[in-house]
Every structure is written in structure tokens, then in C-alpha cells.
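Novice: The following file, run_29.txt, comprises compact mmCIF, C-alpha atoms:
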```txt
# COMPACT_ATOMS: atom_id res chain seq x y z
CA MET A 19 -19.68 1.93 44.19
CA THR A 20 -19.97 -0.11 41.02
CA ALA A 21 -17.42 -0.10 38.26
CA GLN A 22 -18.46 1.40 34.96
CA PRO A 23 -18.01 -0.60 31.79
CA ALA A 24 -14.74 0.30 30.07
CA GLU A 25 -16.42 2.12 27.18
CA GLN A 26 -18.41 4.36 29.56
CA SER A 27 -15.37 5.23 31.68
CA GLY A 28 -13.46 6.46 28.61
CA TRP A 29 -11.20 3.41 28.34
CA ARG A 30 -11.41 1.08 25.38
CA MET A 31 -11.63 -2.65 25.93
CA PRO A 32 -8.42 -4.24 24.65
CA PRO A 33 -8.72 -6.28 21.47
CA MET A 34 -9.10 -10.03 21.97
CA ASP A 35 -5.51 -10.71 20.83
CA GLY A 36 -4.03 -7.61 22.46
CA TYR A 37 -2.84 -4.34 21.02
CA THR A 38 -0.37 -3.97 18.17
CA VAL A 39 2.30 -1.38 17.47
CA ASP A 40 -0.11 0.21 14.97
CA ASP A 41 -2.56 0.73 17.86
CA LEU A 42 0.18 2.18 20.07
CA LEU A 43 1.13 4.69 17.38
CA THR A 44 -2.42 5.71 16.45
CA LEU A 45 -4.71 5.43 19.51
CA PRO A 46 -5.82 8.91 20.56
CA ASP A 47 -5.34 10.26 24.08
CA LEU A 48 -2.82 7.71 25.35
CA PRO A 49 -0.84 9.10 28.29
CA PRO A 50 2.72 10.17 27.51
CA HIS A 51 5.36 7.42 27.54
CA THR A 52 2.86 4.57 27.14
CA GLU A 53 4.67 1.38 26.11
CA LEU A 54 3.51 -1.80 24.41
CA ILE A 55 4.81 -5.03 25.93
CA ASP A 56 3.49 -8.36 24.63
CA GLY A 57 0.35 -6.70 23.27
CA SER A 58 -0.51 -4.91 26.53
CA LEU A 59 -0.36 -1.17 27.04
CA VAL A 60 1.85 -0.20 29.96
CA LEU A 61 1.14 3.19 31.52
CA VAL A 62 4.12 4.82 33.18
CA SER A 63 3.83 6.21 36.71
CA PRO A 64 4.97 9.74 37.55
CA GLN A 65 8.75 9.83 37.83
CA ARG A 66 11.15 11.04 40.52
CA TYR A 67 13.44 14.02 39.89
CA PHE A 68 16.34 11.52 39.89
CA HIS A 69 14.88 9.90 36.77
CA PHE A 70 14.77 13.13 34.75
CA VAL A 71 18.17 14.49 35.76
CA THR A 72 19.85 11.13 35.21
CA ILE A 73 18.46 11.03 31.67
CA ASP A 74 19.69 14.61 31.11
CA LEU A 75 23.15 13.76 32.48
CA LEU A 76 23.52 10.65 30.31
CA VAL A 77 22.12 12.25 27.14
CA THR A 78 24.55 15.17 27.49
CA GLY A 79 27.46 12.80 28.11
CA LEU A 80 26.53 10.53 25.22
CA ARG A 81 26.19 13.46 22.81
CA THR A 82 29.59 14.86 23.80
CA SER A 83 31.45 12.12 21.96
CA VAL A 84 28.87 10.57 19.63
CA PRO A 85 30.36 9.83 16.18
CA PRO A 86 28.61 11.25 13.09
CA ASP A 87 27.14 7.89 12.05
CA LEU A 88 25.12 7.69 15.30
CA LYS A 89 22.47 9.86 17.03
CA VAL A 90 21.30 10.04 20.65
CA ALA A 91 17.54 10.11 21.27
CA ARG A 92 15.47 10.16 24.43
CA GLU A 93 12.06 8.69 25.18
CA MET A 94 11.14 7.43 21.71
CA THR A 95 9.21 4.26 20.97
CA VAL A 96 11.32 1.43 19.57
CA VAL A 97 9.37 -1.03 17.44
CA LEU A 98 10.71 -4.51 18.14
CA ASP A 99 7.88 -6.46 16.50
CA SER A 100 4.14 -6.11 15.96
CA ARG A 101 3.32 -6.60 19.67
CA ASN A 102 6.25 -4.81 21.34
CA GLY A 103 6.98 -1.09 21.31
CA PRO A 104 8.88 -0.17 24.47
CA GLU A 105 10.17 3.34 25.06
CA PRO A 106 13.75 3.30 26.34
CA ASP A 107 14.70 6.34 28.37
CA ILE A 108 17.63 6.85 25.98
CA CYS A 109 18.78 5.12 22.84
CA VAL A 110 21.69 5.53 20.50
CA ILE A 111 20.57 4.89 16.93
CA LYS A 112 22.16 4.69 13.53
CA ALA A 113 22.06 8.22 12.09
CA ALA A 114 20.35 6.96 8.93
CA ALA A 115 17.35 5.92 11.08
CA LYS A 116 16.49 9.56 11.77
CA LYS A 117 13.90 10.38 9.10
CA GLY A 118 12.72 13.79 10.28
CA LEU A 119 11.38 15.92 13.09
CA ARG A 120 7.87 14.39 12.89
CA GLN A 121 9.17 10.87 13.44
CA THR A 122 7.58 9.05 16.39
CA TYR A 123 9.50 5.77 16.56
CA PHE A 124 12.61 3.87 15.55
CA GLU A 125 12.97 0.26 14.43
CA GLY A 126 14.78 -2.09 16.82
CA LYS A 127 17.29 -2.98 14.10
CA ASP A 128 18.48 0.65 14.11
CA VAL A 129 19.17 0.83 17.86
CA VAL A 130 22.78 0.34 18.93
CA LEU A 131 22.31 1.09 22.66
CA ALA A 132 19.18 1.13 24.83
CA VAL A 133 19.27 2.72 28.31
CA GLU A 134 16.67 2.29 31.05
CA VAL A 135 16.69 4.33 34.26
CA ILE A 136 14.94 2.09 36.79
CA SER A 137 11.97 3.34 38.76
CA PRO A 138 10.32 1.32 41.54
CA GLU A 139 7.37 0.49 39.28
CA SER A 140 9.52 -0.44 36.27
CA GLU A 141 12.24 -2.56 37.87
CA ALA A 142 10.92 -5.97 36.78
CA ARG A 143 10.23 -4.76 33.23
CA ASP A 144 13.62 -3.06 32.92
CA ARG A 145 15.68 -5.87 34.47
CA LEU A 146 13.83 -8.90 33.11
CA THR A 147 11.29 -8.31 30.36
CA LYS A 148 13.10 -5.62 28.39
CA THR A 149 16.44 -7.38 28.78
CA HIS A 150 15.04 -10.36 26.88
CA LYS A 151 13.15 -8.24 24.34
CA TYR A 152 16.12 -6.02 23.49
CA ALA A 153 18.45 -9.02 23.20
CA ALA A 154 16.03 -10.87 20.93
CA ALA A 155 15.84 -7.75 18.73
CA GLY A 156 19.64 -7.76 18.41
CA ILE A 157 20.27 -4.48 20.26
CA ARG A 158 23.99 -4.83 20.92
CA TYR A 159 24.34 -2.76 24.12
CA TYR A 160 21.99 -2.25 27.06
CA TRP A 161 22.50 -0.14 30.19
CA VAL A 162 20.45 -0.36 33.37
CA VAL A 163 20.74 2.66 35.66
CA GLU A 164 19.77 2.73 39.35
CA MET A 165 19.92 5.18 42.22
CA ALA A 166 22.60 4.08 44.71
CA GLU A 167 22.62 4.66 48.43
CA PRO A 168 23.79 6.64 50.33
CA ASP A 169 24.48 9.56 47.96
CA ASP A 170 21.73 8.84 45.39
CA TYR A 171 24.18 8.97 42.46
CA PRO A 172 23.36 6.91 39.39
CA VAL A 173 25.04 3.53 39.05
CA VAL A 174 25.20 2.11 35.53
CA GLU A 175 25.38 -1.59 34.77
CA VAL A 176 26.61 -2.14 31.22
CA PHE A 177 25.58 -5.18 29.19
CA GLU A 178 26.79 -6.43 25.82
CA LEU A 179 24.96 -8.92 23.63
CA SER A 180 26.78 -12.22 23.24
CA GLU A 181 26.57 -13.34 19.63
CA LYS A 182 27.08 -16.92 20.74
CA SER A 183 24.25 -17.14 23.29
CA GLY A 184 22.00 -14.31 22.06
CA THR A 185 21.74 -12.99 25.63
CA TYR A 186 23.30 -10.07 27.47
CA ARG A 187 26.36 -10.44 29.67
CA SER A 188 27.35 -7.80 32.18
CA THR A 189 30.63 -6.10 31.31
CA GLY A 190 30.80 -3.83 34.34
CA ILE A 191 29.10 -1.74 36.99
CA HIS A 192 30.09 1.91 36.99
CA ARG A 193 29.90 4.19 40.03
CA ASP A 194 30.97 7.85 40.08
CA ARG A 195 32.35 7.62 36.54
CA LEU A 196 31.13 5.81 33.44
CA LYS A 197 34.03 5.16 31.09
CA VAL A 198 33.55 2.65 28.27
CA ASP A 199 34.83 2.04 24.74
CA LYS A 200 31.62 0.58 23.29
CA PRO A 201 29.53 1.41 21.38
CA TYR A 202 31.99 4.33 21.12
CA PRO A 203 34.34 6.05 23.61
CA ILE A 204 32.18 7.50 26.41
CA ASP A 205 33.31 9.21 29.62
CA ILE A 206 30.62 10.61 31.95
CA ASP A 207 31.08 11.95 35.49
CA LEU A 208 28.06 10.41 37.26
CA THR A 209 28.59 12.64 40.32
CA ALA A 210 27.79 15.66 38.14
CA ILE A 211 24.14 14.92 38.88
CA ASP A 212 24.67 17.22 41.88
CA ASN A 213 24.90 20.15 39.45
CA LEU A 214 21.59 19.47 37.70
```
Could you rewrite the structure in this file as C-alpha cells?
Specialist:
Amino acid sequence: MTAQPAEQSGWRMPPMDGYTVDDLLTLPDLPPHTELIDGSLVLVSPQRYFHFVTIDLLVTGLRTSVPPDLKVAREMTVVLDSRNGPEPDICVIKAAAKKGLRQTYFEGKDVVLAVEVISPESEARDRLTKTHKYAAAGIRYYWVVEMAEPDDYPVVEVFELSEKSGTYRSTGIHRDRLKVDKPYPIDIDLTAIDNL
């Protein structure tokens, strides 16, 4: 079997210098949750049930105590620069960044917290690539969430941006209960995933 040229198979050839955020936001028929990392489109694999319910659990918990000057959003593109538009699973943004119900992205400068729930196919991007990208964009807080054995509860590692080094430092790993003061007081029972 011979491979068809990209144009005949329905896929466009990437531009010589890679895609831009403008492409990401305007290309027709991209699969849901497509991200742009260093000018390359990243297609997301189907997710486990754990991924969806963990996002639901965290979004509900974050919204319970969110102050009025912040908003909680899920699965929205965050424009970091012209060649990077990742889609965090959850982000907490400045309320003023919400422009309307037709909005399709936020600017990195408006994100206070980015949260990634790790999947097997996204682990390297979430732990390495996005960590550097979010830090360089000045996103103050970053959480990485994984499924922990043996009970499959979410475990949340919390990072805070060091103003001195410009990199993230881990401020704690939370099992069973996520209780933090930053970016605002948050208290989430991680074992409540059993009820979802």
C-alpha cells in the first residue's frame, strides 16, 4: 500500500516554518483539543474516564472558592506566543480576560494557574515541555495531576514560579486532599472522585 500525498489524504502539508496561533485558531476541521507546540500541531488521543472526572472534580473544587476577580475555565487554548497555543485541562484566569461566550482562547498573561491531567501520551509534554513554556510565559502556578496506584485517586503536584530563577519549584504533592493558599484558598477532597 502506498501513502497518498498529504493534500489527497485530506491533510494539509505544514508550512515551511511551522504553524502559527492564527492557523490553530482558523484552520477548519481540526480535531477537538488540538494544541500548537513550537509550531507543530499536536493531536490529542482519546482520554480515559479518569481524565474527564478528575477535570470535573478539580473544576468544581476550584469554583467553590474562586474570588470574584478570577474565573475558572476548562479546555481553552492559551496563546503564549505566535508559535505556542497549548490547551491546559483547566486554567484560572483573571476575570477581566473573559470577553464573552464566543471567545476561543486566553492570553498567557491572563492565566494565573494552569492545570494538566497527565495521560500516557501527554506525560513528556505536560511534565517537560509545558512546564518550560508556562514558566516562560509567567504563569505563576502550575499543577500536574496523575493517577496514583493502587486506588486510582488523583495526586496533584503543585508548582510555583520562582521570580528569581524564572522556573517552577515544587511546593507540595497532595494525596487524598488538596489544600493550598495560592493562588487563593482551595480545599478539594481528591477521594471524592469515587462519587463521579
Novice: For a test of reading the model, state the distance in Å between CA of Pro172 in chain A and CA of Thr209 in chain A, rounded to one decimal.
Specialist: 7.8 Å
Novice: If you count all atoms listed in the file, which residues fall within 8 Å of range 77-86 of chain A, apart from same-chain ones fewer than 5 positions away, as a PDB file with C-alpha atoms, keeping the file's coordinate frame?
Specialist:
```
ATOM      1  CA  ALA A  91      17.540  10.110  21.270  1.00  0.00           C
ATOM      2  CA  ARG A  92      15.470  10.160  24.430  1.00  0.00           C
ATOM      3  CA  ILE A 108      17.630   6.850  25.980  1.00  0.00           C
ATOM      4  CA  ALA A 113      22.060   8.220  12.090  1.00  0.00           C
ATOM      5  CA  TYR A 202      31.990   4.330  21.120  1.00  0.00           C
ATOM      6  CA  PRO A 203      34.340   6.050  23.610  1.00  0.00           C
ATOM      7  CA  ILE A 204      32.180   7.500  26.410  1.00  0.00           C
ATOM      8  CA  ASP A 205      33.310   9.210  29.620  1.00  0.00           C
ATOM      9  CA  ILE A 206      30.620  10.610  31.950  1.00  0.00           C
TER      10      ILE A 206
END
```
Novice: Do you know which residues are at most 10 Å from His51 in chain A counting all atoms listed in the file, after dropping those on the same chain fewer than 6 positions away, and could you put them as a list in words?
Specialist: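 Answer for this query is Val60, Leu61, Val62, Ser63, Glu93, Met94, Thr95, Pro104, Glu105, Pro106 and Asp107 of chain A.
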Novice: Determine the nearest neighbour of Ser137 in chain A from the options A:Pro50, A:His150, A:Ser180, A:Phe70, counting only C-alpha atoms.
Specialist: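 Among A:Pro50, A:His150, A:Ser180, A:Phe70, it is A:Phe70 that comes nearest to Ser137 in chain A.
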Novice: Between CA of Lys89 in chain A and CA of Ala115 in chain A, what distance in Å does the model show, to one decimal?
Specialist: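 About the pair CA of Lys89 in chain A and CA of Ala115 in chain A: they are 8.8 Å apart.
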Novice: In Å to one decimal, how far is CA of Glu141 in chain A from CA of Tyr67 in chain A?
Specialist: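 According to the coordinates, CA of Tyr67 in chain A and CA of Glu141 in chain A are separated by 16.7 Å.
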Novice: Looking at A:Thr44, A:Ser100, A:Thr72, A:Ser140, which one is nearest to Asp56 in chain A, with distances taken over all atoms listed in the file?
Specialist: A:Ser100
Novice: Identify, on the basis of only C-alpha atoms, every residue whose closest approach to Thr189 in chain A does not exceed 8 Å; exclude the query and any residue fewer than 4 positions from it along the same chain; express the result as an NGL selection string.
Specialist: :A and (175-178)
Novice: Counting only C-alpha atoms, which residues come within 12 Å of (1.4, 3.9, 13.6), with the point read in the file's coordinates, and could you list them as a count of residues only?
Specialist: 19
Novice: Quick one: residues within 10 Å of Glu139 in chain A, all atoms listed in the file counted, chain neighbours fewer than 3 positions away excluded, as number ranges by chain?
Specialist: A: 62-65, 136, 142-144
Novice: Calculated over only C-alpha atoms, which of the candidates A:Leu75, A:Asn102, A:Gly156, A:Ala210 has the smallest distance to Thr52 in chain A?
Specialist: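 Closest to Thr52 in chain A of all the choices is A:Asn102.
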Novice: Using all atoms listed in the file, can you tell me which of A:Ala166, A:Val173, A:Met34, A:Val129 comes closest to Leu88 in chain A?
Specialist: A:Val129
Novice: If you count all atoms listed in the file, which residues fall within 7 Å of Arg158 in chain A, apart from same-chain ones fewer than 4 positions away, as a PyMOL selection string?
Specialist: chain A and resi 130-131+178-179
Novice: Pick the closest to Gly184 in chain A from A:Arg101, A:Lys151, A:Lys117, A:Lys197: which is it, counting all atoms listed in the file?
Specialist: A:Lys151
Novice: Using all atoms listed in the file, which of A:Pro201, A:Leu119, A:Ser188, A:Phe68 sits nearest Ala132 in chain A?
Specialist: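 Closest to Ala132 in chain A of all the choices is A:Pro201.
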Novice: I'd like the box whose edges run along x, y and z of the file and which contains every listed atom of range 140-154 of chain A, padded by 5 Å per side; could you state its centre and edge lengths in Å, one decimal, as AutoDock Vina command-line options?
Specialist:
```
--center_x 14.0 --center_y -5.7 --center_z 29.4 --size_x 18.9 --size_y 20.4 --size_z 26.9
```
Novice: Complete range 27-60 of chain A at the level of N, CA and C atoms, written as a PDB file, in the coordinates of the input.
Specialist:
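Result saved to result36.pdb:
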```
ATOM      1  N   SER A  27     -16.349   4.524  30.872  1.00  0.00           N
ATOM      2  CA  SER A  27     -15.370   5.230  31.680  1.00  0.00           C
ATOM      3  C   SER A  27     -14.332   5.952  30.826  1.00  0.00           C
ATOM      4  N   GLY A  28     -14.410   5.803  29.500  1.00  0.00           N
ATOM      5  CA  GLY A  28     -13.460   6.460  28.610  1.00  0.00           C
ATOM      6  C   GLY A  28     -12.331   5.554  28.163  1.00  0.00           C
ATOM      7  N   TRP A  29     -12.238   4.369  28.733  1.00  0.00           N
ATOM      8  CA  TRP A  29     -11.200   3.410  28.340  1.00  0.00           C
ATOM      9  C   TRP A  29     -11.790   2.413  27.362  1.00  0.00           C
ATOM     10  N   ARG A  30     -11.008   2.101  26.345  1.00  0.00           N
ATOM     11  CA  ARG A  30     -11.410   1.080  25.380  1.00  0.00           C
ATOM     12  C   ARG A  30     -11.102  -0.290  25.945  1.00  0.00           C
ATOM     13  N   MET A  31     -11.942  -1.258  25.601  1.00  0.00           N
ATOM     14  CA  MET A  31     -11.630  -2.650  25.930  1.00  0.00           C
ATOM     15  C   MET A  31     -10.483  -3.074  25.007  1.00  0.00           C
ATOM     16  N   PRO A  32      -9.491  -3.782  25.521  1.00  0.00           N
ATOM     17  CA  PRO A  32      -8.420  -4.240  24.650  1.00  0.00           C
ATOM     18  C   PRO A  32      -8.942  -5.238  23.616  1.00  0.00           C
ATOM     19  N   PRO A  33      -8.332  -5.282  22.461  1.00  0.00           N
ATOM     20  CA  PRO A  33      -8.720  -6.280  21.470  1.00  0.00           C
ATOM     21  C   PRO A  33      -8.474  -7.689  22.015  1.00  0.00           C
ATOM     22  N   MET A  34      -9.195  -8.641  21.491  1.00  0.00           N
ATOM     23  CA  MET A  34      -9.100 -10.030  21.970  1.00  0.00           C
ATOM     24  C   MET A  34      -7.655 -10.536  21.957  1.00  0.00           C
ATOM     25  N   ASP A  35      -6.891 -10.218  20.930  1.00  0.00           N
ATOM     26  CA  ASP A  35      -5.510 -10.710  20.830  1.00  0.00           C
ATOM     27  C   ASP A  35      -4.486  -9.687  21.297  1.00  0.00           C
ATOM     28  N   GLY A  36      -4.934  -8.637  21.965  1.00  0.00           N
ATOM     29  CA  GLY A  36      -4.030  -7.610  22.460  1.00  0.00           C
ATOM     30  C   GLY A  36      -3.799  -6.511  21.443  1.00  0.00           C
ATOM     31  N   TYR A  37      -3.141  -5.476  21.882  1.00  0.00           N
ATOM     32  CA  TYR A  37      -2.840  -4.340  21.020  1.00  0.00           C
ATOM     33  C   TYR A  37      -1.636  -4.648  20.131  1.00  0.00           C
ATOM     34  N   THR A  38      -1.520  -3.873  19.064  1.00  0.00           N
ATOM     35  CA  THR A  38      -0.370  -3.970  18.170  1.00  0.00           C
ATOM     36  C   THR A  38       0.374  -2.636  18.194  1.00  0.00           C
ATOM     37  N   VAL A  39       1.536  -2.618  17.580  1.00  0.00           N
ATOM     38  CA  VAL A  39       2.300  -1.380  17.470  1.00  0.00           C
ATOM     39  C   VAL A  39       1.495  -0.326  16.714  1.00  0.00           C
ATOM     40  N   ASP A  40       0.741  -0.745  15.697  1.00  0.00           N
ATOM     41  CA  ASP A  40      -0.110   0.210  14.970  1.00  0.00           C
ATOM     42  C   ASP A  40      -1.086   0.897  15.918  1.00  0.00           C
ATOM     43  N   ASP A  41      -1.664   0.136  16.854  1.00  0.00           N
ATOM     44  CA  ASP A  41      -2.560   0.730  17.860  1.00  0.00           C
ATOM     45  C   ASP A  41      -1.800   1.724  18.725  1.00  0.00           C
ATOM     46  N   LEU A  42      -0.630   1.315  19.204  1.00  0.00           N
ATOM     47  CA  LEU A  42       0.180   2.180  20.070  1.00  0.00           C
ATOM     48  C   LEU A  42       0.454   3.518  19.385  1.00  0.00           C
ATOM     49  N   LEU A  43       0.748   3.473  18.105  1.00  0.00           N
ATOM     50  CA  LEU A  43       1.130   4.690  17.380  1.00  0.00           C
ATOM     51  C   LEU A  43      -0.057   5.527  16.917  1.00  0.00           C
ATOM     52  N   THR A  44      -1.276   4.976  16.976  1.00  0.00           N
ATOM     53  CA  THR A  44      -2.420   5.710  16.450  1.00  0.00           C
ATOM     54  C   THR A  44      -3.567   5.943  17.432  1.00  0.00           C
ATOM     55  N   LEU A  45      -3.606   5.228  18.551  1.00  0.00           N
ATOM     56  CA  LEU A  45      -4.710   5.430  19.510  1.00  0.00           C
ATOM     57  C   LEU A  45      -4.676   6.862  20.044  1.00  0.00           C
ATOM     58  N   PRO A  46      -5.809   7.546  20.024  1.00  0.00           N
ATOM     59  CA  PRO A  46      -5.820   8.910  20.560  1.00  0.00           C
ATOM     60  C   PRO A  46      -5.799   8.919  22.086  1.00  0.00           C
ATOM     61  N   ASP A  47      -5.266   9.980  22.640  1.00  0.00           N
ATOM     62  CA  ASP A  47      -5.340  10.260  24.080  1.00  0.00           C
ATOM     63  C   ASP A  47      -4.613   9.268  24.983  1.00  0.00           C
ATOM     64  N   LEU A  48      -3.619   8.550  24.458  1.00  0.00           N
ATOM     65  CA  LEU A  48      -2.820   7.710  25.350  1.00  0.00           C
ATOM     66  C   LEU A  48      -1.950   8.631  26.206  1.00  0.00           C
ATOM     67  N   PRO A  49      -1.736   8.286  27.465  1.00  0.00           N
ATOM     68  CA  PRO A  49      -0.840   9.100  28.290  1.00  0.00           C
ATOM     69  C   PRO A  49       0.571   9.098  27.721  1.00  0.00           C
ATOM     70  N   PRO A  50       1.341  10.146  27.986  1.00  0.00           N
ATOM     71  CA  PRO A  50       2.720  10.170  27.510  1.00  0.00           C
ATOM     72  C   PRO A  50       3.506   8.954  28.008  1.00  0.00           C
ATOM     73  N   HIS A  51       4.433   8.498  27.195  1.00  0.00           N
ATOM     74  CA  HIS A  51       5.360   7.420  27.540  1.00  0.00           C
ATOM     75  C   HIS A  51       4.690   6.059  27.709  1.00  0.00           C
ATOM     76  N   THR A  52       3.506   5.877  27.117  1.00  0.00           N
ATOM     77  CA  THR A  52       2.860   4.570  27.140  1.00  0.00           C
ATOM     78  C   THR A  52       3.690   3.603  26.300  1.00  0.00           C
ATOM     79  N   GLU A  53       3.899   2.399  26.813  1.00  0.00           N
ATOM     80  CA  GLU A  53       4.670   1.380  26.110  1.00  0.00           C
ATOM     81  C   GLU A  53       3.764   0.215  25.743  1.00  0.00           C
ATOM     82  N   LEU A  54       4.209  -0.582  24.788  1.00  0.00           N
ATOM     83  CA  LEU A  54       3.510  -1.800  24.410  1.00  0.00           C
ATOM     84  C   LEU A  54       4.439  -2.981  24.674  1.00  0.00           C
ATOM     85  N   ILE A  55       4.029  -3.846  25.583  1.00  0.00           N
ATOM     86  CA  ILE A  55       4.810  -5.030  25.930  1.00  0.00           C
ATOM     87  C   ILE A  55       3.907  -6.246  25.780  1.00  0.00           C
ATOM     88  N   ASP A  56       4.261  -7.138  24.877  1.00  0.00           N
ATOM     89  CA  ASP A  56       3.490  -8.360  24.630  1.00  0.00           C
ATOM     90  C   ASP A  56       2.015  -8.077  24.375  1.00  0.00           C
ATOM     91  N   GLY A  57       1.730  -7.027  23.636  1.00  0.00           N
ATOM     92  CA  GLY A  57       0.350  -6.700  23.270  1.00  0.00           C
ATOM     93  C   GLY A  57      -0.437  -5.963  24.326  1.00  0.00           C
ATOM     94  N   SER A  58       0.175  -5.650  25.458  1.00  0.00           N
ATOM     95  CA  SER A  58      -0.510  -4.910  26.530  1.00  0.00           C
ATOM     96  C   SER A  58       0.065  -3.505  26.641  1.00  0.00           C
ATOM     97  N   LEU A  59      -0.814  -2.537  26.826  1.00  0.00           N
ATOM     98  CA  LEU A  59      -0.360  -1.170  27.040  1.00  0.00           C
ATOM     99  C   LEU A  59       0.112  -1.024  28.469  1.00  0.00           C
ATOM    100  N   VAL A  60       1.269  -0.421  28.636  1.00  0.00           N
ATOM    101  CA  VAL A  60       1.850  -0.200  29.960  1.00  0.00           C
ATOM    102  C   VAL A  60       1.899   1.307  30.181  1.00  0.00           C
TER     103      VAL A  60
END
```
